[in-house]
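Let me begin by presenting the structure, written as structure tokens, before commenting on it.
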Amino acid sequence: MSVGQMGTSRYRSNMDALSALKRLCGVVLFVSQLYVFSGRGSLSLEHSQPIAQTLKDQLLSSTISPKNKNIETTETPEYLAKCPSNGLCSRLPSDCITCNHNYSCIYGKPITFDCMAKAGVLCFDQYNQLQENFTLNITCQFCWQLPPSEYVCSKSTNCMTVSCPRQRYNATCKVLDHVHCLGKREFPKMLFCNWTGGYKWSTALALSITLGGFGADRFYLGQWREGLGKLFSFGGLGIWTLIDVFLIIVGYVGPADGSLYI
């Protein structure tokens with residue numbers, strides 16, 4: 001064998017040994033990775049604890065957060081603001097109780113309703129016993145049939161109170177909280193114009209008697225043209241003055257804005 005052939009054979013044997021060494025290193029690396037990812041290696045302890053802690057935190061947040069959301073979204077009913085607790089059940093406002101109304105009663109006669117306090121409302125009987133169901137004694141009548149002292153109505157400042165015939169206006173009335181009745185607690189009603197602008201009847205009469213000849217009473221009531229007429233005619237030579245005194249006494253002459261005297 002020549003020297004060249006011997007060199008070539010040695011080179012091939014070295015390359016074969018190098019490739020075999022690479023294969024062995026690859027196998028060792030593969031086995032070590034399998035060992036690590038199987039959970040038995042030292043690296044698994046470093047990564048398993050953070051993963052477990054993360055899973056635990058997610059589990060706790062998923063179980064706790066819905067409760068917190070429920071607590072945050074729970075709202076107090078609006079009717080509880082006007083419902084006094086620890087009082088008599090019979091004195092609770094109508095918004096705080098639920099009753100079985102009997103519309104077949106006889107008008108003006110006493111009637112008994114079976115009522116129940118709404119959720120969150122605590123009330124007692126006359127013996128300080130906690131009650132949920134109780135009876136309520138009222139008079140058989142609709143809400144619009146109540147006396148005026150048991151409801152309040154909207155006011156109007158646009159109608160004339162001093163007119164013939166006396167004007168009326170459409171008012172919206174609402175029953176007082178402690179009053180119980182049949183039907184709707186808000187109802188329309190035609191009422192006489194009864195608002196006031198702050199003018200006093202006694203002041204107008206005093207001005208008409210003392211300074212009526214100069215139109216002071218008409219100026220006070222806001223009637224400027226009549227006041228100027230009385231001023232320049234010296235009270236219609238006294239006749240107009242006497243007539244105005246009589247008209248103010250009977251209430252025919254009133255404030256120019258159409259309101260009532262106070």
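The way I read the labels, and the way they are meant: chains A, B, ... in the order of the structure tokens, residue 1 as the first residue of every chain, and ligand 1 as the first ligand shown, with later ones counted on from there.
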Quiz prompt | Residues within 8 Å of A:Asp114, only C-alpha atoms, excluding chain neighbours under 4 positions, as a PyMOL selection string | solution = chain A and resi 99-101+133-136
Those residues you just picked out, can you put them in a file as an mmCIF file, in the first residue's frame with all heavy atoms?
```cif
data_model
loop_
_atom_site.group_PDB
_atom_site.id
_atom_site.type_symbol
_atom_site.label_atom_id
_atom_site.label_comp_id
_atom_site.auth_asym_id
_atom_site.auth_seq_id
_atom_site.Cartn_x
_atom_site.Cartn_y
_atom_site.Cartn_z
ATOM 1 N N CYS A 99 -100.491 44.493 50.035
ATOM 2 C CA CYS A 99 -101.802 44.123 50.582
ATOM 3 C C CYS A 99 -102.676 43.506 49.501
ATOM 4 O O CYS A 99 -102.524 43.800 48.309
ATOM 5 C CB CYS A 99 -102.506 45.351 51.178
ATOM 6 S SG CYS A 99 -101.648 46.107 52.572
ATOM 7 N N ASN A 100 -103.586 42.652 49.952
ATOM 8 C CA ASN A 100 -104.607 42.089 49.078
ATOM 9 C C ASN A 100 -105.855 42.969 49.175
ATOM 10 O O ASN A 100 -106.617 42.875 50.129
ATOM 11 C CB ASN A 100 -104.930 40.651 49.495
ATOM 12 C CG ASN A 100 -103.731 39.736 49.352
ATOM 13 O OD1 ASN A 100 -102.951 39.873 48.409
ATOM 14 N ND2 ASN A 100 -103.572 38.804 50.271
ATOM 15 N N HIS A 101 -106.027 43.843 48.183
ATOM 16 C CA HIS A 101 -107.133 44.798 48.215
ATOM 17 C C HIS A 101 -108.450 44.125 47.845
ATOM 18 O O HIS A 101 -108.499 43.287 46.946
ATOM 19 C CB HIS A 101 -106.852 45.962 47.269
ATOM 20 C CG HIS A 101 -105.693 46.798 47.698
ATOM 21 N ND1 HIS A 101 -104.770 47.293 46.814
ATOM 22 C CD2 HIS A 101 -105.291 47.206 48.922
ATOM 23 C CE1 HIS A 101 -103.853 47.991 47.463
ATOM 24 N NE2 HIS A 101 -104.156 47.954 48.748
ATOM 25 N N ASN A 133 -96.715 39.074 58.447
ATOM 26 C CA ASN A 133 -98.088 39.184 57.955
ATOM 27 C C ASN A 133 -98.951 39.838 59.030
ATOM 28 O O ASN A 133 -98.849 39.485 60.210
ATOM 29 C CB ASN A 133 -98.647 37.804 57.589
ATOM 30 C CG ASN A 133 -97.827 37.123 56.508
ATOM 31 O OD1 ASN A 133 -97.480 37.745 55.518
ATOM 32 N ND2 ASN A 133 -97.514 35.858 56.707
ATOM 33 N N PHE A 134 -99.778 40.770 58.619
ATOM 34 C CA PHE A 134 -100.618 41.486 59.580
ATOM 35 C C PHE A 134 -101.862 41.984 58.856
ATOM 36 O O PHE A 134 -101.955 41.924 57.617
ATOM 37 C CB PHE A 134 -99.857 42.657 60.214
ATOM 38 C CG PHE A 134 -99.331 43.655 59.220
ATOM 39 C CD1 PHE A 134 -100.059 44.783 58.905
ATOM 40 C CD2 PHE A 134 -98.098 43.461 58.607
ATOM 41 C CE1 PHE A 134 -99.594 45.705 57.985
ATOM 42 C CE2 PHE A 134 -97.617 44.372 57.682
ATOM 43 C CZ PHE A 134 -98.360 45.495 57.373
ATOM 44 N N THR A 135 -102.816 42.458 59.600
ATOM 45 C CA THR A 135 -104.058 42.998 59.036
ATOM 46 C C THR A 135 -104.060 44.515 59.175
ATOM 47 O O THR A 135 -103.494 45.073 60.125
ATOM 48 C CB THR A 135 -105.284 42.408 59.756
ATOM 49 O OG1 THR A 135 -105.202 42.710 61.150
ATOM 50 C CG2 THR A 135 -105.358 40.903 59.548
ATOM 51 N N LEU A 136 -104.718 45.173 58.232
ATOM 52 C CA LEU A 136 -104.767 46.632 58.196
ATOM 53 C C LEU A 136 -106.226 47.052 58.055
ATOM 54 O O LEU A 136 -106.924 46.617 57.135
ATOM 55 C CB LEU A 136 -103.942 47.162 57.024
ATOM 56 C CG LEU A 136 -103.771 48.674 56.921
ATOM 57 C CD1 LEU A 136 -102.968 49.192 58.106
ATOM 58 C CD2 LEU A 136 -103.054 49.031 55.623
#
```
Exercise. List the neighbours of stretch 125-130 of chain A out to 12 Å using only C-alpha atoms; skip same-chain residues closer than 3 positions along the sequence, and give me the result as an NGL selection string.
Key: :A and (85-92 or 117 or 121-122 or 133-136)
Quiz item: Please, what distance in Å, to one decimal, runs between atom CA of A:Leu228 and atom CA of A:Gly213?
Solution: 10.6 Å
Quiz item: Nearest to A:Asp177 among A:Ser19, A:Ser154, A:Thr76, A:Ser94, with distances taken over only C-alpha atoms: which residue is it?
Solution: A:Ser94
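Listed by chain and then by rising number, the residues of stretch 151-193 of chain A that DSSP assigns to strand (DSSP E) from the backbone are Tyr151, Val152, Cys153, Arg168, Tyr169, Asn170, Ala171, Thr172, Cys173, Lys174, Val175, Glu186, Phe187, Pro188, Lys189, Met190, Leu191 and Phe192 of chain A.
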Quiz item: A:Asp217: which residues within 8 Å, counting only C-alpha atoms, same-chain residues fewer than 4 positions away excluded, as an MDAnalysis selection string?
Solution: chainID A and resid 204:205 207:208 211:212 221 227
Go ahead and write the selection's residues with all heavy atoms as a PDB file, in the first residue's frame.
```pdb
ATOM      1  N   ALA A 204    -103.617  96.305  51.430  1.00  0.00           N
ATOM      2  CA  ALA A 204    -104.347  96.929  50.319  1.00  0.00           C
ATOM      3  C   ALA A 204    -105.526  97.754  50.827  1.00  0.00           C
ATOM      4  O   ALA A 204    -105.789  98.863  50.327  1.00  0.00           O
ATOM      5  CB  ALA A 204    -104.828  95.841  49.347  1.00  0.00           C
ATOM      6  N   LEU A 205    -106.245  97.234  51.839  1.00  0.00           N
ATOM      7  CA  LEU A 205    -107.389  97.975  52.371  1.00  0.00           C
ATOM      8  C   LEU A 205    -106.932  99.249  53.085  1.00  0.00           C
ATOM      9  O   LEU A 205    -107.562 100.316  52.939  1.00  0.00           O
ATOM     10  CB  LEU A 205    -108.171  97.083  53.330  1.00  0.00           C
ATOM     11  CG  LEU A 205    -109.414  97.707  53.973  1.00  0.00           C
ATOM     12  CD1 LEU A 205    -110.403  98.145  52.901  1.00  0.00           C
ATOM     13  CD2 LEU A 205    -110.060  96.745  54.958  1.00  0.00           C
ATOM     14  N   LEU A 207    -104.220 101.036  52.486  1.00  0.00           N
ATOM     15  CA  LEU A 207    -103.803 102.013  51.484  1.00  0.00           C
ATOM     16  C   LEU A 207    -105.002 102.604  50.753  1.00  0.00           C
ATOM     17  O   LEU A 207    -104.996 103.795  50.394  1.00  0.00           O
ATOM     18  CB  LEU A 207    -102.852 101.349  50.478  1.00  0.00           C
ATOM     19  CG  LEU A 207    -101.471 100.959  51.008  1.00  0.00           C
ATOM     20  CD1 LEU A 207    -100.689 100.198  49.939  1.00  0.00           C
ATOM     21  CD2 LEU A 207    -100.685 102.204  51.429  1.00  0.00           C
ATOM     22  N   SER A 208    -106.029 101.809  50.526  1.00  0.00           N
ATOM     23  CA  SER A 208    -107.206 102.316  49.822  1.00  0.00           C
ATOM     24  C   SER A 208    -107.944 103.346  50.663  1.00  0.00           C
ATOM     25  O   SER A 208    -108.475 104.337  50.128  1.00  0.00           O
ATOM     26  CB  SER A 208    -108.138 101.159  49.475  1.00  0.00           C
ATOM     27  OG  SER A 208    -109.259 101.613  48.756  1.00  0.00           O
ATOM     28  N   LEU A 211    -104.708 106.422  51.396  1.00  0.00           N
ATOM     29  CA  LEU A 211    -104.080 107.054  50.230  1.00  0.00           C
ATOM     30  C   LEU A 211    -104.734 106.617  48.918  1.00  0.00           C
ATOM     31  O   LEU A 211    -104.110 106.672  47.856  1.00  0.00           O
ATOM     32  CB  LEU A 211    -102.577 106.693  50.191  1.00  0.00           C
ATOM     33  CG  LEU A 211    -101.755 107.149  51.400  1.00  0.00           C
ATOM     34  CD1 LEU A 211    -100.330 106.609  51.301  1.00  0.00           C
ATOM     35  CD2 LEU A 211    -101.733 108.673  51.495  1.00  0.00           C
ATOM     36  N   GLY A 212    -105.977 106.187  49.023  1.00  0.00           N
ATOM     37  CA  GLY A 212    -106.667 105.738  47.811  1.00  0.00           C
ATOM     38  C   GLY A 212    -106.887 106.841  46.803  1.00  0.00           C
ATOM     39  O   GLY A 212    -106.940 106.581  45.587  1.00  0.00           O
ATOM     40  N   LEU A 221    -101.117  96.903  44.291  1.00  0.00           N
ATOM     41  CA  LEU A 221    -101.606  95.654  43.702  1.00  0.00           C
ATOM     42  C   LEU A 221    -101.035  95.403  42.304  1.00  0.00           C
ATOM     43  O   LEU A 221    -101.355  94.376  41.694  1.00  0.00           O
ATOM     44  CB  LEU A 221    -103.135  95.665  43.627  1.00  0.00           C
ATOM     45  CG  LEU A 221    -103.842  95.716  44.986  1.00  0.00           C
ATOM     46  CD1 LEU A 221    -105.350  95.857  44.792  1.00  0.00           C
ATOM     47  CD2 LEU A 221    -103.524  94.474  45.800  1.00  0.00           C
ATOM     48  N   GLY A 227    -103.852 102.965  38.752  1.00  0.00           N
ATOM     49  CA  GLY A 227    -103.234 103.848  39.748  1.00  0.00           C
ATOM     50  C   GLY A 227    -102.977 105.239  39.197  1.00  0.00           C
ATOM     51  O   GLY A 227    -103.227 106.253  39.879  1.00  0.00           O
TER      52      GLY A 227
END
```
Where does DSSP see alpha helix (DSSP H) in stretch 135-221 of chain A, if you list the residues as an mmCIF file with all heavy atoms, in the first residue's frame?
```
data_model
loop_
_atom_site.group_PDB
_atom_site.id
_atom_site.type_symbol
_atom_site.label_atom_id
_atom_site.label_comp_id
_atom_site.auth_asym_id
_atom_site.auth_seq_id
_atom_site.Cartn_x
_atom_site.Cartn_y
_atom_site.Cartn_z
ATOM 1 N N TRP A 201 -104.160 91.444 52.087
ATOM 2 C CA TRP A 201 -105.448 92.118 51.973
ATOM 3 C C TRP A 201 -105.532 93.315 52.924
ATOM 4 O O TRP A 201 -106.052 94.365 52.577
ATOM 5 C CB TRP A 201 -106.558 91.124 52.287
ATOM 6 C CG TRP A 201 -107.924 91.735 52.304
ATOM 7 C CD1 TRP A 201 -108.724 91.983 51.239
ATOM 8 C CD2 TRP A 201 -108.650 92.174 53.458
ATOM 9 N NE1 TRP A 201 -109.916 92.561 51.635
ATOM 10 C CE2 TRP A 201 -109.894 92.685 53.002
ATOM 11 C CE3 TRP A 201 -108.389 92.188 54.822
ATOM 12 C CZ2 TRP A 201 -110.856 93.200 53.861
ATOM 13 C CZ3 TRP A 201 -109.341 92.700 55.678
ATOM 14 C CH2 TRP A 201 -110.564 93.198 55.207
ATOM 15 N N SER A 202 -104.976 93.172 54.124
ATOM 16 C CA SER A 202 -105.016 94.259 55.109
ATOM 17 C C SER A 202 -104.228 95.472 54.625
ATOM 18 O O SER A 202 -104.647 96.624 54.815
ATOM 19 C CB SER A 202 -104.482 93.779 56.455
ATOM 20 O OG SER A 202 -103.144 93.291 56.319
ATOM 21 N N THR A 203 -103.092 95.232 53.977
ATOM 22 C CA THR A 203 -102.286 96.345 53.466
ATOM 23 C C THR A 203 -103.014 97.065 52.338
ATOM 24 O O THR A 203 -103.033 98.310 52.278
ATOM 25 C CB THR A 203 -100.925 95.830 52.986
ATOM 26 O OG1 THR A 203 -100.254 95.152 54.055
ATOM 27 C CG2 THR A 203 -100.055 96.963 52.480
ATOM 28 N N ALA A 204 -103.617 96.305 51.430
ATOM 29 C CA ALA A 204 -104.347 96.929 50.319
ATOM 30 C C ALA A 204 -105.526 97.754 50.827
ATOM 31 O O ALA A 204 -105.789 98.863 50.327
ATOM 32 C CB ALA A 204 -104.828 95.841 49.347
ATOM 33 N N LEU A 205 -106.245 97.234 51.839
ATOM 34 C CA LEU A 205 -107.389 97.975 52.371
ATOM 35 C C LEU A 205 -106.932 99.249 53.085
ATOM 36 O O LEU A 205 -107.562 100.316 52.939
ATOM 37 C CB LEU A 205 -108.171 97.083 53.330
ATOM 38 C CG LEU A 205 -109.414 97.707 53.973
ATOM 39 C CD1 LEU A 205 -110.403 98.145 52.901
ATOM 40 C CD2 LEU A 205 -110.060 96.745 54.958
ATOM 41 N N ALA A 206 -105.852 99.179 53.841
ATOM 42 C CA ALA A 206 -105.347 100.355 54.544
ATOM 43 C C ALA A 206 -104.903 101.433 53.559
ATOM 44 O O ALA A 206 -105.172 102.633 53.755
ATOM 45 C CB ALA A 206 -104.192 99.953 55.464
ATOM 46 N N LEU A 207 -104.220 101.036 52.486
ATOM 47 C CA LEU A 207 -103.803 102.013 51.484
ATOM 48 C C LEU A 207 -105.002 102.604 50.753
ATOM 49 O O LEU A 207 -104.996 103.795 50.394
ATOM 50 C CB LEU A 207 -102.852 101.349 50.478
ATOM 51 C CG LEU A 207 -101.471 100.959 51.008
ATOM 52 C CD1 LEU A 207 -100.689 100.198 49.939
ATOM 53 C CD2 LEU A 207 -100.685 102.204 51.429
ATOM 54 N N SER A 208 -106.029 101.809 50.526
ATOM 55 C CA SER A 208 -107.206 102.316 49.822
ATOM 56 C C SER A 208 -107.944 103.346 50.663
ATOM 57 O O SER A 208 -108.475 104.337 50.128
ATOM 58 C CB SER A 208 -108.138 101.159 49.475
ATOM 59 O OG SER A 208 -109.259 101.613 48.756
ATOM 60 N N ILE A 209 -107.993 103.157 51.996
ATOM 61 C CA ILE A 209 -108.703 104.088 52.869
ATOM 62 C C ILE A 209 -107.915 105.383 53.065
ATOM 63 O O ILE A 209 -108.474 106.492 53.034
ATOM 64 C CB ILE A 209 -108.995 103.430 54.220
ATOM 65 C CG1 ILE A 209 -109.964 102.246 54.035
ATOM 66 C CG2 ILE A 209 -109.575 104.431 55.204
ATOM 67 C CD1 ILE A 209 -110.200 101.446 55.298
ATOM 68 N N THR A 210 -106.604 105.259 53.241
ATOM 69 C CA THR A 210 -105.788 106.432 53.579
ATOM 70 C C THR A 210 -105.263 107.165 52.345
ATOM 71 O O THR A 210 -105.341 108.398 52.256
ATOM 72 C CB THR A 210 -104.607 106.003 54.460
ATOM 73 O OG1 THR A 210 -103.844 104.999 53.767
ATOM 74 C CG2 THR A 210 -105.095 105.432 55.782
ATOM 75 N N LEU A 211 -104.708 106.422 51.396
ATOM 76 C CA LEU A 211 -104.080 107.054 50.230
ATOM 77 C C LEU A 211 -104.734 106.617 48.918
ATOM 78 O O LEU A 211 -104.110 106.672 47.856
ATOM 79 C CB LEU A 211 -102.577 106.693 50.191
ATOM 80 C CG LEU A 211 -101.755 107.149 51.400
ATOM 81 C CD1 LEU A 211 -100.330 106.609 51.301
ATOM 82 C CD2 LEU A 211 -101.733 108.673 51.495
ATOM 83 N N ALA A 216 -102.638 104.791 45.607
ATOM 84 C CA ALA A 216 -101.635 103.951 46.263
ATOM 85 C C ALA A 216 -102.066 102.493 46.323
ATOM 86 O O ALA A 216 -101.227 101.586 46.207
ATOM 87 C CB ALA A 216 -101.366 104.481 47.676
ATOM 88 N N ASP A 217 -103.362 102.246 46.515
ATOM 89 C CA ASP A 217 -103.833 100.865 46.589
ATOM 90 C C ASP A 217 -103.659 100.138 45.256
ATOM 91 O O ASP A 217 -103.247 98.983 45.209
ATOM 92 C CB ASP A 217 -105.302 100.828 47.027
ATOM 93 C CG ASP A 217 -106.174 101.764 46.194
ATOM 94 O OD1 ASP A 217 -105.617 102.549 45.398
ATOM 95 O OD2 ASP A 217 -107.405 101.702 46.340
ATOM 96 N N ARG A 218 -103.965 100.839 44.150
ATOM 97 C CA ARG A 218 -103.807 100.231 42.836
ATOM 98 C C ARG A 218 -102.332 100.016 42.493
ATOM 99 O O ARG A 218 -101.975 99.001 41.884
ATOM 100 C CB ARG A 218 -104.469 101.118 41.779
ATOM 101 C CG ARG A 218 -105.984 101.214 41.903
ATOM 102 C CD ARG A 218 -106.651 99.987 41.353
ATOM 103 N NE ARG A 218 -108.116 100.102 41.374
ATOM 104 C CZ ARG A 218 -108.937 99.292 40.711
ATOM 105 N NH1 ARG A 218 -108.451 98.316 39.987
ATOM 106 N NH2 ARG A 218 -110.244 99.463 40.795
ATOM 107 N N PHE A 219 -101.464 100.968 42.877
ATOM 108 C CA PHE A 219 -100.026 100.779 42.652
ATOM 109 C C PHE A 219 -99.510 99.575 43.443
ATOM 110 O O PHE A 219 -98.690 98.799 42.945
ATOM 111 C CB PHE A 219 -99.258 102.038 43.050
ATOM 112 C CG PHE A 219 -99.399 103.171 42.073
ATOM 113 C CD1 PHE A 219 -99.853 104.412 42.498
ATOM 114 C CD2 PHE A 219 -99.094 103.013 40.729
ATOM 115 C CE1 PHE A 219 -99.988 105.468 41.616
ATOM 116 C CE2 PHE A 219 -99.233 104.060 39.835
ATOM 117 C CZ PHE A 219 -99.682 105.298 40.281
ATOM 118 N N TYR A 220 -99.976 99.420 44.665
ATOM 119 C CA TYR A 220 -99.532 98.304 45.504
ATOM 120 C C TYR A 220 -99.932 96.963 44.888
ATOM 121 O O TYR A 220 -99.153 95.994 44.924
ATOM 122 C CB TYR A 220 -100.124 98.437 46.901
ATOM 123 C CG TYR A 220 -99.905 97.217 47.773
ATOM 124 C CD1 TYR A 220 -98.652 96.919 48.288
ATOM 125 C CD2 TYR A 220 -100.971 96.359 48.058
ATOM 126 C CE1 TYR A 220 -98.449 95.786 49.083
ATOM 127 C CE2 TYR A 220 -100.784 95.240 48.847
ATOM 128 C CZ TYR A 220 -99.521 94.950 49.356
ATOM 129 O OH TYR A 220 -99.329 93.833 50.137
#
```
Practice problem: Identify which of the residues A:Ile249, A:Leu24, A:Cys143, A:Leu191 lies closest to A:Tyr107, counting only C-alpha atoms when measuring atom-to-atom distances. | Solution: A:Cys143
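When the distance limit is 12 Å and only C-alpha atoms are what count, the residues near A:Ala256, minus those fewer than 4 positions from it on the same chain, are Cys159, Met160, Thr161, Val162, Ser163, Thr196, Gly197, Gly198, Tyr199, Asp217, Arg218, Phe219, Tyr220, Leu221, Gly222, Gln223, Trp224, Arg225, Glu226, Gly227, Tyr252, Leu260 and Tyr261 of chain A.
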Based on the selection just made, write N, CA and C atoms of those residues as a compact mmCIF listing (two decimals), in the first residue's frame.
```txt
# COMPACT_ATOMS: atom_id res chain seq x y z
N CYS A 159 -103.01 80.51 36.41
CA CYS A 159 -104.44 80.79 36.32
C CYS A 159 -104.79 81.99 37.20
N MET A 160 -105.92 82.61 36.90
CA MET A 160 -106.37 83.80 37.61
C MET A 160 -107.27 83.39 38.77
N THR A 161 -106.91 83.79 39.96
CA THR A 161 -107.75 83.47 41.12
C THR A 161 -108.88 84.47 41.29
N VAL A 162 -108.65 85.71 40.85
CA VAL A 162 -109.68 86.74 40.94
C VAL A 162 -110.34 86.85 39.57
N SER A 163 -111.40 86.09 39.38
CA SER A 163 -112.12 86.09 38.11
C SER A 163 -113.54 85.61 38.38
N THR A 196 -100.78 82.37 45.70
CA THR A 196 -100.65 83.73 46.19
C THR A 196 -99.31 84.31 45.79
N GLY A 197 -99.32 85.60 45.49
CA GLY A 197 -98.09 86.31 45.14
C GLY A 197 -97.49 87.08 46.30
N GLY A 198 -98.07 86.97 47.50
CA GLY A 198 -97.53 87.64 48.67
C GLY A 198 -98.20 88.96 49.01
N TYR A 199 -99.29 89.30 48.34
CA TYR A 199 -99.98 90.55 48.63
C TYR A 199 -100.93 90.36 49.82
N ASP A 217 -103.36 102.25 46.51
CA ASP A 217 -103.83 100.87 46.59
C ASP A 217 -103.66 100.14 45.26
N ARG A 218 -103.96 100.84 44.15
CA ARG A 218 -103.81 100.23 42.84
C ARG A 218 -102.33 100.02 42.49
N PHE A 219 -101.46 100.97 42.88
CA PHE A 219 -100.03 100.78 42.65
C PHE A 219 -99.51 99.58 43.44
N TYR A 220 -99.98 99.42 44.67
CA TYR A 220 -99.53 98.30 45.50
C TYR A 220 -99.93 96.96 44.89
N LEU A 221 -101.12 96.90 44.29
CA LEU A 221 -101.61 95.65 43.70
C LEU A 221 -101.04 95.40 42.30
N GLY A 222 -100.20 96.30 41.81
CA GLY A 222 -99.58 96.11 40.49
C GLY A 222 -100.41 96.60 39.34
N GLN A 223 -101.48 97.34 39.60
CA GLN A 223 -102.35 97.87 38.55
C GLN A 223 -101.95 99.32 38.27
N TRP A 224 -100.91 99.49 37.43
CA TRP A 224 -100.31 100.79 37.23
C TRP A 224 -101.22 101.76 36.48
N ARG A 225 -101.93 101.30 35.48
CA ARG A 225 -102.78 102.22 34.70
C ARG A 225 -103.94 102.75 35.53
N GLU A 226 -104.55 101.87 36.34
CA GLU A 226 -105.63 102.34 37.21
C GLU A 226 -105.09 103.28 38.28
N GLY A 227 -103.85 102.97 38.75
CA GLY A 227 -103.23 103.85 39.75
C GLY A 227 -102.98 105.24 39.20
N TYR A 252 -113.18 91.68 45.39
CA TYR A 252 -113.34 91.71 43.92
C TYR A 252 -112.10 92.27 43.24
N LEU A 260 -104.10 85.21 45.06
CA LEU A 260 -104.96 85.50 46.21
C LEU A 260 -104.22 86.34 47.24
N TYR A 261 -104.99 87.02 48.07
CA TYR A 261 -104.41 87.73 49.21
C TYR A 261 -103.92 86.71 50.25
```
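Note that atom CA of A:Thr172 and atom CA of A:Pro148 are 12.7 Å apart.
Taking only C-alpha atoms into account, A:Lys109 lies nearest to A:Cys140 out of the set A:Val175, A:Ile243, A:Cys140, A:Pro77.
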Practice problem: Have a look at atom CA of A:Cys181 and atom CA of A:Leu80 and let me know their distance in Å, one decimal. | Solution: 20.9 Å
Quiz item: Leaving out A:Asn158 and any residue of its chain fewer than 3 positions from it, which residues lie within 12 Å of it when counting only C-alpha atoms, given as a PyMOL selection string?
Solution: chain A and resi 155+161+167-170+192-197+257-259
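Every protein or nucleic acid residue with an atom no more than 7 Å from A:Thr98, counting only C-alpha atoms and leaving out same-chain residues fewer than 2 positions away, appears here: Cys115, Met116, Ala117 and Lys118 of chain A.
For the set A:Leu176, A:Cys123, A:Gly215, A:Glu132, the residue with the smallest atom-to-atom gap to A:Ser149 is A:Leu176, counting only C-alpha atoms.
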